[in-house]
$ cat work-v3.cif   # mmCIF, C-alpha atoms, pLDDT in the B column; chains and numbers go by the auth columns
data_coords
loop_
_atom_site.group_PDB
_atom_site.id
_atom_site.type_symbol
_atom_site.label_atom_id
_atom_site.label_comp_id
_atom_site.label_asym_id
_atom_site.label_seq_id
_atom_site.Cartn_x
_atom_site.Cartn_y
_atom_site.Cartn_z
_atom_site.B_iso_or_equiv
_atom_site.auth_seq_id
_atom_site.auth_asym_id
ATOM 1 C CA ASN A 1 9.703 -13.517 12.959 52.00 1 A
ATOM 2 C CA ALA A 2 12.386 -11.149 11.739 72.00 2 A
ATOM 3 C CA GLY A 3 11.384 -7.621 10.942 92.00 3 A
ATOM 4 C CA VAL A 4 12.516 -5.508 8.032 96.00 4 A
ATOM 5 C CA MET A 5 16.284 -5.638 7.730 96.00 5 A
ATOM 6 C CA GLN A 6 18.497 -3.010 6.196 97.00 6 A
ATOM 7 C CA ASN A 7 22.217 -3.014 5.609 96.00 7 A
ATOM 8 C CA PRO A 8 24.550 -1.459 6.046 97.00 8 A
ATOM 9 C CA ARG A 9 23.324 0.566 9.011 97.00 9 A
ATOM 10 C CA HIS A 10 25.946 3.217 8.362 97.00 10 A
ATOM 11 C CA LEU A 11 27.658 4.013 5.086 98.00 11 A
ATOM 12 C CA VAL A 12 30.350 6.582 4.412 98.00 12 A
ATOM 13 C CA ARG A 13 31.148 7.553 0.844 98.00 13 A
ATOM 14 C CA ARG A 14 33.247 10.220 -0.798 97.00 14 A
ATOM 15 C CA ARG A 15 31.732 12.503 -3.399 97.00 15 A
ATOM 16 C CA GLY A 16 31.474 10.739 -6.752 97.00 16 A
ATOM 17 C CA GLN A 17 31.357 7.211 -5.354 98.00 17 A
ATOM 18 C CA GLU A 18 28.394 4.848 -5.529 98.00 18 A
ATOM 19 C CA ALA A 19 26.179 3.887 -2.593 98.00 19 A
ATOM 20 C CA ARG A 20 24.188 0.645 -2.459 98.00 20 A
ATOM 21 C CA LEU A 21 21.560 0.268 0.224 98.00 21 A
ATOM 22 C CA ARG A 22 19.863 -3.087 0.804 98.00 22 A
ATOM 23 C CA CYS A 23 16.473 -3.919 2.251 98.00 23 A
ATOM 24 C CA SER A 24 15.090 -7.343 3.095 97.00 24 A
ATOM 25 C CA PRO A 25 11.350 -7.119 3.729 96.00 25 A
ATOM 26 C CA MET A 26 9.504 -8.987 6.429 95.00 26 A
ATOM 27 C CA LYS A 27 8.761 -12.604 5.632 92.00 27 A
ATOM 28 C CA GLY A 28 5.720 -12.839 3.413 90.00 28 A
ATOM 29 C CA HIS A 29 5.881 -9.199 2.345 93.00 29 A
ATOM 30 C CA SER A 30 6.253 -8.456 -1.337 92.00 30 A
ATOM 31 C CA HIS A 31 5.691 -4.686 -1.294 94.00 31 A
ATOM 32 C CA VAL A 32 8.634 -2.413 -0.543 96.00 32 A
ATOM 33 C CA TYR A 33 8.710 1.354 -0.067 96.00 33 A
ATOM 34 C CA TRP A 34 11.817 3.533 0.257 97.00 34 A
ATOM 35 C CA TYR A 35 11.742 6.825 2.183 97.00 35 A
ATOM 36 C CA ARG A 36 14.444 9.396 2.841 97.00 36 A
ATOM 37 C CA GLN A 37 14.785 11.560 5.921 95.00 37 A
ATOM 38 C CA LEU A 38 16.923 14.656 5.692 90.00 38 A
ATOM 39 C CA PRO A 39 18.115 16.266 8.957 83.00 39 A
ATOM 40 C CA GLU A 40 15.284 17.945 10.877 79.00 40 A
ATOM 41 C CA GLU A 41 12.693 16.818 8.332 84.00 41 A
ATOM 42 C CA GLY A 42 10.060 14.137 8.055 88.00 42 A
ATOM 43 C CA LEU A 43 10.329 11.050 5.928 94.00 43 A
ATOM 44 C CA LYS A 44 9.744 11.602 2.236 95.00 44 A
ATOM 45 C CA PHE A 45 8.530 8.923 -0.150 95.00 45 A
ATOM 46 C CA MET A 46 10.958 7.921 -2.870 97.00 46 A
ATOM 47 C CA VAL A 47 9.834 4.736 -4.605 96.00 47 A
ATOM 48 C CA TYR A 48 7.411 1.828 -4.316 95.00 48 A
ATOM 49 C CA LEU A 49 8.264 -1.609 -5.686 95.00 49 A
ATOM 50 C CA GLN A 50 6.722 -5.015 -5.893 93.00 50 A
ATOM 51 C CA LYS A 51 8.705 -8.077 -6.843 88.00 51 A
ATOM 52 C CA GLU A 52 10.504 -7.282 -10.106 88.00 52 A
ATOM 53 C CA ASN A 53 8.394 -4.171 -10.739 93.00 53 A
ATOM 54 C CA ILE A 54 8.726 -0.479 -10.006 95.00 54 A
ATOM 55 C CA ILE A 55 5.196 0.740 -9.314 93.00 55 A
ATOM 56 C CA ASP A 56 5.787 4.378 -8.400 94.00 56 A
ATOM 57 C CA GLU A 57 9.092 6.249 -8.514 94.00 57 A
ATOM 58 C CA SER A 58 7.616 9.729 -8.407 93.00 58 A
ATOM 59 C CA GLY A 59 9.598 10.698 -5.305 94.00 59 A
ATOM 60 C CA MET A 60 12.969 9.634 -6.594 95.00 60 A
ATOM 61 C CA PRO A 61 15.383 12.116 -8.208 93.00 61 A
ATOM 62 C CA LYS A 62 15.496 11.561 -11.954 90.00 62 A
ATOM 63 C CA GLU A 63 19.256 11.266 -12.112 94.00 63 A
ATOM 64 C CA ARG A 64 21.739 9.125 -10.196 97.00 64 A
ATOM 65 C CA PHE A 65 19.083 7.210 -8.206 97.00 65 A
ATOM 66 C CA SER A 66 17.689 3.813 -9.101 97.00 66 A
ATOM 67 C CA ALA A 67 15.902 1.023 -7.279 97.00 67 A
ATOM 68 C CA GLU A 68 15.185 -2.627 -7.884 96.00 68 A
ATOM 69 C CA PHE A 69 13.468 -5.514 -6.157 96.00 69 A
ATOM 70 C CA PRO A 70 14.511 -8.712 -7.891 93.00 70 A
ATOM 71 C CA LYS A 71 12.666 -12.006 -7.772 90.00 71 A
ATOM 72 C CA GLU A 72 15.302 -13.337 -5.404 90.00 72 A
ATOM 73 C CA GLY A 73 17.170 -11.271 -2.859 92.00 73 A
ATOM 74 C CA PRO A 74 16.776 -7.896 -1.230 95.00 74 A
ATOM 75 C CA SER A 75 15.573 -4.629 -2.662 97.00 75 A
ATOM 76 C CA ILE A 76 18.454 -2.327 -3.607 98.00 76 A
ATOM 77 C CA LEU A 77 18.504 1.453 -3.653 98.00 77 A
ATOM 78 C CA ARG A 78 21.463 2.616 -5.682 98.00 78 A
ATOM 79 C CA ILE A 79 22.872 6.136 -5.704 98.00 79 A
ATOM 80 C CA GLN A 80 25.547 6.857 -8.287 97.00 80 A
ATOM 81 C CA GLN A 81 28.079 9.679 -8.045 98.00 81 A
ATOM 82 C CA VAL A 82 26.949 10.699 -4.583 98.00 82 A
ATOM 83 C CA VAL A 83 26.973 14.354 -3.545 97.00 83 A
ATOM 84 C CA ARG A 84 26.947 15.874 -0.064 95.00 84 A
ATOM 85 C CA GLY A 85 23.209 16.590 -0.362 94.00 85 A
ATOM 86 C CA ASP A 86 22.566 12.835 -0.499 96.00 86 A
ATOM 87 C CA SER A 87 23.598 12.548 3.153 96.00 87 A
ATOM 88 C CA ALA A 88 20.453 11.368 4.929 96.00 88 A
ATOM 89 C CA ALA A 89 18.789 8.423 6.610 97.00 89 A
ATOM 90 C CA TYR A 90 17.200 6.045 4.119 98.00 90 A
ATOM 91 C CA PHE A 91 14.372 3.883 5.405 98.00 91 A
ATOM 92 C CA CYS A 92 12.775 0.913 3.797 97.00 92 A
ATOM 93 C CA ALA A 93 9.263 -0.267 4.687 97.00 93 A
ATOM 94 C CA SER A 94 7.433 -3.401 3.670 96.00 94 A
ATOM 95 C CA SER A 95 3.832 -4.554 3.651 94.00 95 A
ATOM 96 C CA SER A 96 1.987 -7.721 2.756 91.00 96 A
ATOM 97 C CA ASP A 97 -0.287 -5.804 0.438 88.00 97 A
ATOM 98 C CA ARG A 98 -0.475 -2.161 -0.534 83.00 98 A
ATOM 99 C CA GLN A 99 -3.525 -1.646 1.713 83.00 99 A
ATOM 100 C CA GLU A 100 -1.767 -3.028 4.743 87.00 100 A
ATOM 101 C CA THR A 101 0.345 -1.208 7.313 92.00 101 A
ATOM 102 C CA GLN A 102 3.928 -0.540 6.331 94.00 102 A
ATOM 103 C CA TYR A 103 6.608 -1.742 8.735 96.00 103 A
ATOM 104 C CA PHE A 104 9.915 0.044 8.737 97.00 104 A
ATOM 105 C CA GLY A 105 13.490 -1.137 8.945 97.00 105 A
ATOM 106 C CA PRO A 106 16.139 0.528 11.126 96.00 106 A
ATOM 107 C CA GLY A 107 17.436 2.639 8.264 97.00 107 A
ATOM 108 C CA THR A 108 20.783 3.235 6.602 98.00 108 A
ATOM 109 C CA ARG A 109 22.554 6.432 7.507 97.00 109 A
ATOM 110 C CA LEU A 110 24.532 7.668 4.537 97.00 110 A
ATOM 111 C CA LEU A 111 27.253 10.232 5.034 97.00 111 A
ATOM 112 C CA VAL A 112 28.905 11.739 1.991 97.00 112 A
ATOM 113 C CA LEU A 113 32.262 13.373 2.661 96.00 113 A
ATOM 114 C CA ASP B 1 4.162 22.060 -0.369 69.00 114 B
ATOM 115 C CA GLN B 2 3.848 20.486 3.066 81.00 115 B
ATOM 116 C CA GLN B 3 0.589 18.540 2.978 93.00 116 B
ATOM 117 C CA VAL B 4 0.968 17.173 6.505 95.00 117 B
ATOM 118 C CA LYS B 5 2.089 19.526 9.244 94.00 118 B
ATOM 119 C CA GLN B 6 3.134 19.032 12.822 95.00 119 B
ATOM 120 C CA ASN B 7 3.546 22.563 14.068 91.00 120 B
ATOM 121 C CA SER B 8 5.002 21.726 17.469 94.00 121 B
ATOM 122 C CA PRO B 9 8.575 20.509 17.081 93.00 122 B
ATOM 123 C CA SER B 10 8.755 19.523 20.743 96.00 123 B
ATOM 124 C CA LEU B 11 6.597 18.860 23.777 96.00 124 B
ATOM 125 C CA SER B 12 7.440 18.169 27.430 97.00 125 B
ATOM 126 C CA VAL B 13 4.974 16.436 29.734 97.00 126 B
ATOM 127 C CA GLN B 14 5.139 15.221 33.313 97.00 127 B
ATOM 128 C CA GLU B 15 4.978 11.477 33.855 97.00 128 B
ATOM 129 C CA GLY B 16 1.395 10.327 34.478 97.00 129 B
ATOM 130 C CA ARG B 17 -0.163 13.290 32.704 97.00 130 B
ATOM 131 C CA ILE B 18 -1.715 13.384 29.244 98.00 131 B
ATOM 132 C CA SER B 19 0.372 14.018 26.132 98.00 132 B
ATOM 133 C CA ILE B 20 -1.449 15.550 23.171 98.00 133 B
ATOM 134 C CA LEU B 21 0.300 15.619 19.822 98.00 134 B
ATOM 135 C CA ASN B 22 -1.301 17.463 16.940 98.00 135 B
ATOM 136 C CA CYS B 23 -1.242 17.120 13.195 97.00 136 B
ATOM 137 C CA ASP B 24 -2.897 19.138 10.413 97.00 137 B
ATOM 138 C CA TYR B 25 -3.313 18.248 6.766 97.00 138 B
ATOM 139 C CA THR B 26 -4.335 20.120 3.679 96.00 139 B
ATOM 140 C CA ASN B 27 -5.274 17.447 1.155 93.00 140 B
ATOM 141 C CA SER B 28 -8.938 16.435 1.494 93.00 141 B
ATOM 142 C CA MET B 29 -8.219 13.284 -0.531 92.00 142 B
ATOM 143 C CA PHE B 30 -6.396 11.704 2.424 94.00 143 B
ATOM 144 C CA ASP B 31 -8.586 8.974 3.854 91.00 144 B
ATOM 145 C CA TYR B 32 -6.313 7.115 6.237 95.00 145 B
ATOM 146 C CA PHE B 33 -4.009 8.401 8.949 96.00 146 B
ATOM 147 C CA LEU B 34 -1.316 6.775 11.051 97.00 147 B
ATOM 148 C CA TRP B 35 0.975 7.623 13.921 98.00 148 B
ATOM 149 C CA TYR B 36 4.504 6.271 14.191 97.00 149 B
ATOM 150 C CA LYS B 37 6.961 6.538 17.047 97.00 150 B
ATOM 151 C CA LYS B 38 10.677 6.806 16.420 95.00 151 B
ATOM 152 C CA TYR B 39 13.601 6.372 18.774 95.00 152 B
ATOM 153 C CA PRO B 40 17.064 7.690 17.799 90.00 153 B
ATOM 154 C CA ALA B 41 18.953 5.468 15.377 88.00 154 B
ATOM 155 C CA GLU B 42 15.911 3.243 14.851 92.00 155 B
ATOM 156 C CA GLY B 43 13.186 3.035 12.254 95.00 156 B
ATOM 157 C CA PRO B 44 9.640 4.318 12.839 96.00 157 B
ATOM 158 C CA THR B 45 7.378 1.934 14.751 96.00 158 B
ATOM 159 C CA PHE B 46 3.663 1.808 13.960 96.00 159 B
ATOM 160 C CA LEU B 47 1.449 2.959 16.838 97.00 160 B
ATOM 161 C CA ILE B 48 -2.125 3.464 15.776 97.00 161 B
ATOM 162 C CA SER B 49 -4.205 4.375 12.744 96.00 162 B
ATOM 163 C CA ILE B 50 -7.605 5.743 11.864 97.00 163 B
ATOM 164 C CA SER B 51 -9.806 5.676 8.813 95.00 164 B
ATOM 165 C CA SER B 52 -11.520 8.854 7.672 95.00 165 B
ATOM 166 C CA ILE B 53 -14.906 7.240 8.262 95.00 166 B
ATOM 167 C CA LYS B 54 -14.190 7.275 12.003 96.00 167 B
ATOM 168 C CA ASP B 55 -13.514 10.103 14.411 96.00 168 B
ATOM 169 C CA LYS B 56 -11.806 8.132 17.150 97.00 169 B
ATOM 170 C CA ASN B 57 -9.711 5.013 17.573 98.00 170 B
ATOM 171 C CA GLU B 58 -8.338 3.732 20.842 97.00 171 B
ATOM 172 C CA ASP B 59 -5.634 1.205 21.663 96.00 172 B
ATOM 173 C CA GLY B 60 -4.611 0.970 25.283 97.00 173 B
ATOM 174 C CA ARG B 61 -3.023 4.235 26.378 97.00 174 B
ATOM 175 C CA PHE B 62 -3.163 5.647 22.845 98.00 175 B
ATOM 176 C CA THR B 63 -6.170 7.353 21.283 98.00 176 B
ATOM 177 C CA VAL B 64 -6.285 9.094 17.936 98.00 177 B
ATOM 178 C CA PHE B 65 -8.967 11.671 17.186 98.00 178 B
ATOM 179 C CA LEU B 66 -9.841 12.851 13.695 98.00 179 B
ATOM 180 C CA ASN B 67 -11.691 16.072 12.874 97.00 180 B
ATOM 181 C CA LYS B 68 -12.271 15.953 9.140 96.00 181 B
ATOM 182 C CA SER B 69 -13.904 19.346 8.860 95.00 182 B
ATOM 183 C CA ALA B 70 -10.873 20.960 10.477 96.00 183 B
ATOM 184 C CA LYS B 71 -8.437 18.616 8.708 96.00 184 B
ATOM 185 C CA HIS B 72 -6.881 17.928 12.072 97.00 185 B
ATOM 186 C CA LEU B 73 -5.908 14.850 14.010 97.00 186 B
ATOM 187 C CA SER B 74 -4.404 14.366 17.420 98.00 187 B
ATOM 188 C CA LEU B 75 -2.775 11.581 19.375 98.00 188 B
ATOM 189 C CA HIS B 76 -3.492 11.340 23.089 98.00 189 B
ATOM 190 C CA ILE B 77 -1.260 9.314 25.378 98.00 190 B
ATOM 191 C CA VAL B 78 -2.662 8.672 28.835 97.00 191 B
ATOM 192 C CA PRO B 79 -0.915 8.225 31.198 97.00 192 B
ATOM 193 C CA SER B 80 2.411 9.311 29.744 98.00 193 B
ATOM 194 C CA GLN B 81 5.461 7.254 30.693 97.00 194 B
ATOM 195 C CA PRO B 82 9.190 8.037 30.409 96.00 195 B
ATOM 196 C CA GLY B 83 9.493 5.275 27.789 95.00 196 B
ATOM 197 C CA ASP B 84 7.137 7.274 25.568 97.00 197 B
ATOM 198 C CA SER B 85 9.891 9.841 25.027 97.00 198 B
ATOM 199 C CA ALA B 86 10.534 9.722 21.299 97.00 199 B
ATOM 200 C CA VAL B 87 9.750 11.548 18.057 96.00 200 B
ATOM 201 C CA TYR B 88 6.185 11.045 16.873 98.00 201 B
ATOM 202 C CA PHE B 89 5.298 11.281 13.198 97.00 202 B
ATOM 203 C CA CYS B 90 1.833 11.483 11.772 97.00 203 B
ATOM 204 C CA ALA B 91 1.323 10.163 8.272 96.00 204 B
ATOM 205 C CA ALA B 92 -1.517 10.449 5.795 95.00 205 B
ATOM 206 C CA GLN B 93 -2.472 8.170 2.973 93.00 206 B
ATOM 207 C CA ILE B 94 -4.811 8.087 -0.005 91.00 207 B
ATOM 208 C CA ARG B 95 -6.278 4.575 -0.111 88.00 208 B
ATOM 209 C CA SER B 96 -5.812 4.095 -3.807 85.00 209 B
ATOM 210 C CA GLY B 97 -2.926 4.004 -6.218 82.00 210 B
ATOM 211 C CA THR B 98 0.355 3.331 -4.467 82.00 211 B
ATOM 212 C CA TYR B 99 -0.804 3.903 -0.885 87.00 212 B
ATOM 213 C CA LYS B 100 2.363 5.855 -0.122 90.00 213 B
ATOM 214 C CA TYR B 101 2.601 7.718 3.164 93.00 214 B
ATOM 215 C CA ILE B 102 2.966 11.479 3.428 94.00 215 B
ATOM 216 C CA PHE B 103 4.704 12.268 6.704 95.00 216 B
ATOM 217 C CA GLY B 104 4.732 15.299 8.928 95.00 217 B
ATOM 218 C CA THR B 105 8.022 16.651 10.273 93.00 218 B
ATOM 219 C CA GLY B 106 7.590 15.073 13.689 95.00 219 B
ATOM 220 C CA THR B 107 7.134 16.174 17.293 96.00 220 B
ATOM 221 C CA ARG B 108 9.743 15.306 19.893 96.00 221 B
ATOM 222 C CA LEU B 109 7.994 14.231 23.097 98.00 222 B
ATOM 223 C CA LYS B 110 9.858 14.254 26.378 97.00 223 B
ATOM 224 C CA VAL B 111 8.147 12.691 29.368 97.00 224 B
ATOM 225 C CA LEU B 112 9.676 13.913 32.606 96.00 225 B
ATOM 226 C CA ALA B 113 9.924 11.536 35.540 90.00 226 B
#
$ encode --input "work-v3.cif" --output "C-alpha cells"
Amino acid sequence: NAGVMQNPRHLVRRRGQEARLRCSPMKGHSHVYWYRQLPEEGLKFMVYLQKENIIDESGMPKERFSAEFPKEGPSILRIQQVVRGDSAAYFCASSSDRQETQYFGPGTRLLVL
Amino acid sequence: DQQVKQNSPSLSVQEGRISILNCDYTNSMFDYFLWYKKYPAEGPTFLISISSIKDKNEDGRFTVFLNKSAKHLSLHIVPSQPGDSAVYFCAAQIRSGTYKYIFGTGTRLKVLA
C-alpha cells in the first residue's frame, strides 16, 4: 500500500522560471492538502483540494501560485516566475475524508538560484 | 500570529529516560490536536492525536496530555530510544470547515545512548 508520493524530491530553478510540484495521494484518498516549510519554521497550510475542486486556498499567495487536482492524475502545485523567497520544502498530505488523519509525502525541496 | 507554539527548539534526553515535549496554543476554537515526528529529508509521520473532550491519550510508549484551561498539551515518550531522535511537531485543528492543520515550529529531540 503505497504512501503519498511526491516528485520531484529536489527541484532547482532559476529566478523567473516555473516550478511544478506533483503529489499522488494514498490509494483511496481524495482529499489533498499542500503545506510549505520555510527554513527553521513549522509547516504552513497553503491549499486544500478535493478531486477537481479547490476548497480552501487561503494560505496560498495570491500571485504566481496555483494548484489543481484533476479527475485523473496527481495534484499539481504550480509556481510561476519563482523568486528566491520561494525556496522551501513543499509537503503534500492526503486523507480519505476531511475528518480523517492527514498522511504526508516526503516533500519536494525547491531551491531557487 | 503564531497560534501554536513550541517554545523549546531542542531537547536532549538520556536513553531510557522520559522525554517531555510541550506545546501551547492560543485559539480556543481548536478541538483536535496531533503530534507528528519528522526525520531529515522525510515527510512528517503521524504519531498520536487527542480530541479536546479528552485529557489523555496513550499509545504504547507515547502519551499525549491536554490541559484545556491552560491551552497546553504535552507529549511524553517513555522510555526514550535513540531512534526517537527527530523533530516533533504539534498541530492543532478546528473540526469544521477545511480541517487544515496549524503547526508549531517543532522541537528537535536528541536521545543520547
$ resolve_selection --input "work-v3.cif" --expression "the PyMOL selection byres ((chain A and resi 64) around 12)" --output "JSON, numbers by chain"
{"A": [16, 17, 18, 19, 20, 60, 61, 62, 63, 65, 66, 67, 77, 78, 79, 80, 81, 82, 83, 86]}
$ closest_atom_pairs --input "work-v3.cif" --of "region 7-96 of chain A" --to "region 153-168 of chain B" --cutoff "12 Å" --atoms "all atoms listed in the file" --output "CSV"
residue,atom,partner,partner_atom,distance
A:Arg9,CA,B:Ala154,CA,9.1
A:His10,CA,B:Ala154,CA,10.2
A:Tyr35,CA,B:Gly156,CA,10.9
A:Arg36,CA,B:Gly156,CA,11.4
A:Gln37,CA,B:Gly156,CA,10.7
A:Gly42,CA,B:Pro157,CA,10.9
A:Leu43,CA,B:Pro157,CA,9.7
A:Ala89,CA,B:Ala154,CA,9.3
A:Tyr90,CA,B:Gly156,CA,9.6
A:Phe91,CA,B:Gly156,CA,7.0
A:Cys92,CA,B:Gly156,CA,8.7
A:Ala93,CA,B:Gly156,CA,9.1
$ resolve_selection --input "work-v3.cif" --expression "the PyMOL selection byres ((chain A) within 10 of (chain B))" --output "ChimeraX atom specification"
/A:4,9,33-35,37,40-49,55-56,89-93,97-109
$ resolve_selection --input "work-v3.cif" --expression "the PyMOL selection byres ((chain B and resi 128) around 7)" --output "list in words"
Val126, Gln127, Gly129, Arg130, Ser193, Gln194, Pro195, Val224, Leu225 and Ala226 of chain B
$ axis_aligned_box --input "work-v3.cif" --around "region 91-109 of chain A" --padding-each-side "3 Å" --output "lines of an AutoDock Vina configuration file"
center_x = 9.5
center_y = -0.6
center_z = 5.3
size_x = 32.1
size_y = 20.2
size_z = 17.7
$ residues_around --input "work-v3.cif" --residues "Phe175 (chain B)" --least-positions-apart "2" --cutoff "8 Å" --atoms "all atoms listed in the file" --output "ChimeraX atom specification"
/B:161,171-173,177,188-191
$ closest_residue --input "work-v3.cif" --among "B:Ser187, B:Ser141, B:Ser132, B:Thr176" --to "Asn120 (chain B)" --atoms "all atoms listed in the file"
B:Ser187
$ residues_around --input "work-v3.cif" --residues "Arg22 (chain A)" --least-positions-apart "3" --cutoff "8 Å" --atoms "only C-alpha atoms" --output "list in words"
Gln6, Asn7, Pro8, Pro74, Ser75, Ile76 and Leu77 of chain A
$ closest_residue --input "work-v3.cif" --among "B:Asn140, B:Ser125, B:Gln116, B:Ser182" --to "Arg221 (chain B)" --atoms "all atoms listed in the file"
B:Ser125
